[in-house]
Amino acid sequence: TGIPQERTKTILVIEDTLVVRKALSRCLSKMGFEVTQAENGFVGLKKLKESMYDLVLCDFLMPVLDGIDCVEQFRAWEAKHRPDGFQQYIVGMSAHSQTNDIQLGLKAGMNDFRPKPVTMKDLKALQESSPVQLAGRLLDSIMGEGAGRQDDDNDEEAEPPMPIFNCLVGVEPDSDYSKLVKTLNPTKWKVVTVFDGMDALKLLKIQNWDLVILDDELPRLSGTRCAMRFREWEKCHRINRQRNMVLASAYLNAMGSEMDAATVLLPFGFEHMMEKPYNIQACEKFVHQKEETYTSILSGVDIIG
């Protein structure tokens, strides 16, 4: 029998910025890693399920599915489908995360954090760290023996489809917001509902959302004031602008049926306006348009406009 060939170390880089992703991949390839890339959290989650890696680097703020939700959903899946004794080692990375945000990442299941830019020195330190070395030895054992639970196709099919879009809804407590939430299909949308403008502002700062709907009558901080404060903060702390900010207001209804959002000068920070009381047909149409846009992006179709 010949000497077993040494296993090539593997790493997954989940990062939406192409320049950063390519730069990290080049450095890691020079270090001897076989690099797999994912351009957003949704693709990253799929890659995480497909293979085990010596190390995973995961950005915090990404479109489609952010790093925190990606890791949180993976950890729930991992507990059922991965070999006992092996937990994927995941390091979060961000240029803008504050201490509280880092704690959220660790709570979601990230093992460690590195601020951007992640340098060659940082990567070599991670490569030589005890957790990554241990992960490598466990993978050597698992791959060598062919041991461990394999993904069960029947179990995978039995799992309910996971939401792929994130929506933040900020509404006044006494409003009939349930009509609005019902238009967001739970198999496609993960909806977080808050009833306070200050809470909405905190969540806006944590991640980029696929859709944000803010009531202009939110207590403590109205929807318009919340958006104004967030946009000012965003200038200094974000690279990617939060899109699809929707203001829900009774102002449209007060103007009469002949007026609609297209004829209204939108308040600062918003791209759309929604009538109150909530019109189910109008809400469903708007949400369906967003779903089609995001589905096209996931399919690699360029959207203009």
# chains A, B, ... in the order shown; residues from 1 in each chain; ligands from 1

$ residues_around --residues "segment 222-237 of chain A" --least-positions-apart "3" --cutoff "7 Å" --atoms "only C-alpha atoms" --output "list in words"
His96, Gly197, Leu201, Leu214, Asp215, Asp216, Glu217, Leu218, Pro219, Leu247, Pro267, Phe268 and Gly269 of chain A

$ select_by_dssp --residues "segment 62-292 of chain A" --states "strand (DSSP E)" --output "count of residues only"
35

$ residues_around --residues "Ser129 of chain A" --least-positions-apart "6" --cutoff "12 Å" --atoms "only C-alpha atoms" --output "list in words"
Asp54, Leu55, Tyr89, Asp112, Asp122, Leu123, Ala135 and Gly136 of chain A

$ select_by_dssp --residues "segment 54-261 of chain A" --states "helix (DSSP H, G or I)" --output "JSON, numbers by chain"
{"A": [67, 68, 69, 70, 71, 72, 73, 74, 75, 76, 77, 78, 79, 80, 81, 99, 100, 101, 102, 103, 104, 105, 106, 107, 108, 120, 121, 122, 123, 124, 125, 126, 127, 128, 130, 131, 132, 133, 134, 135, 136, 137, 138, 139, 140, 141, 142, 143, 144, 145, 153, 154, 155, 156, 157, 158, 177, 178, 179, 180, 181, 182, 197, 198, 199, 200, 201, 202, 203, 204, 205, 206, 223, 224, 225, 226, 227, 228, 229, 230, 231, 232, 233, 234, 235, 236, 237, 251, 252, 253, 254, 255, 261]}

$ closest_residue --among "A:Val171, A:Thr183, A:Phe86, A:Ser29" --to "Phe195 of chain A" --atoms "only C-alpha atoms"
A:Val171

$ closest_residue --among "A:Leu65, A:Ile206, A:Val56, A:Val194" --to "Thr99 of chain A" --atoms "only C-alpha atoms"
A:Ile206

$ residues_around --residues "segment 238-242 of chain A" --least-positions-apart "4" --cutoff "9 Å" --atoms "only C-alpha atoms" --output "PyMOL selection string"
chain A and resi 61-63+95-96+204-205+207-212+231+233-234
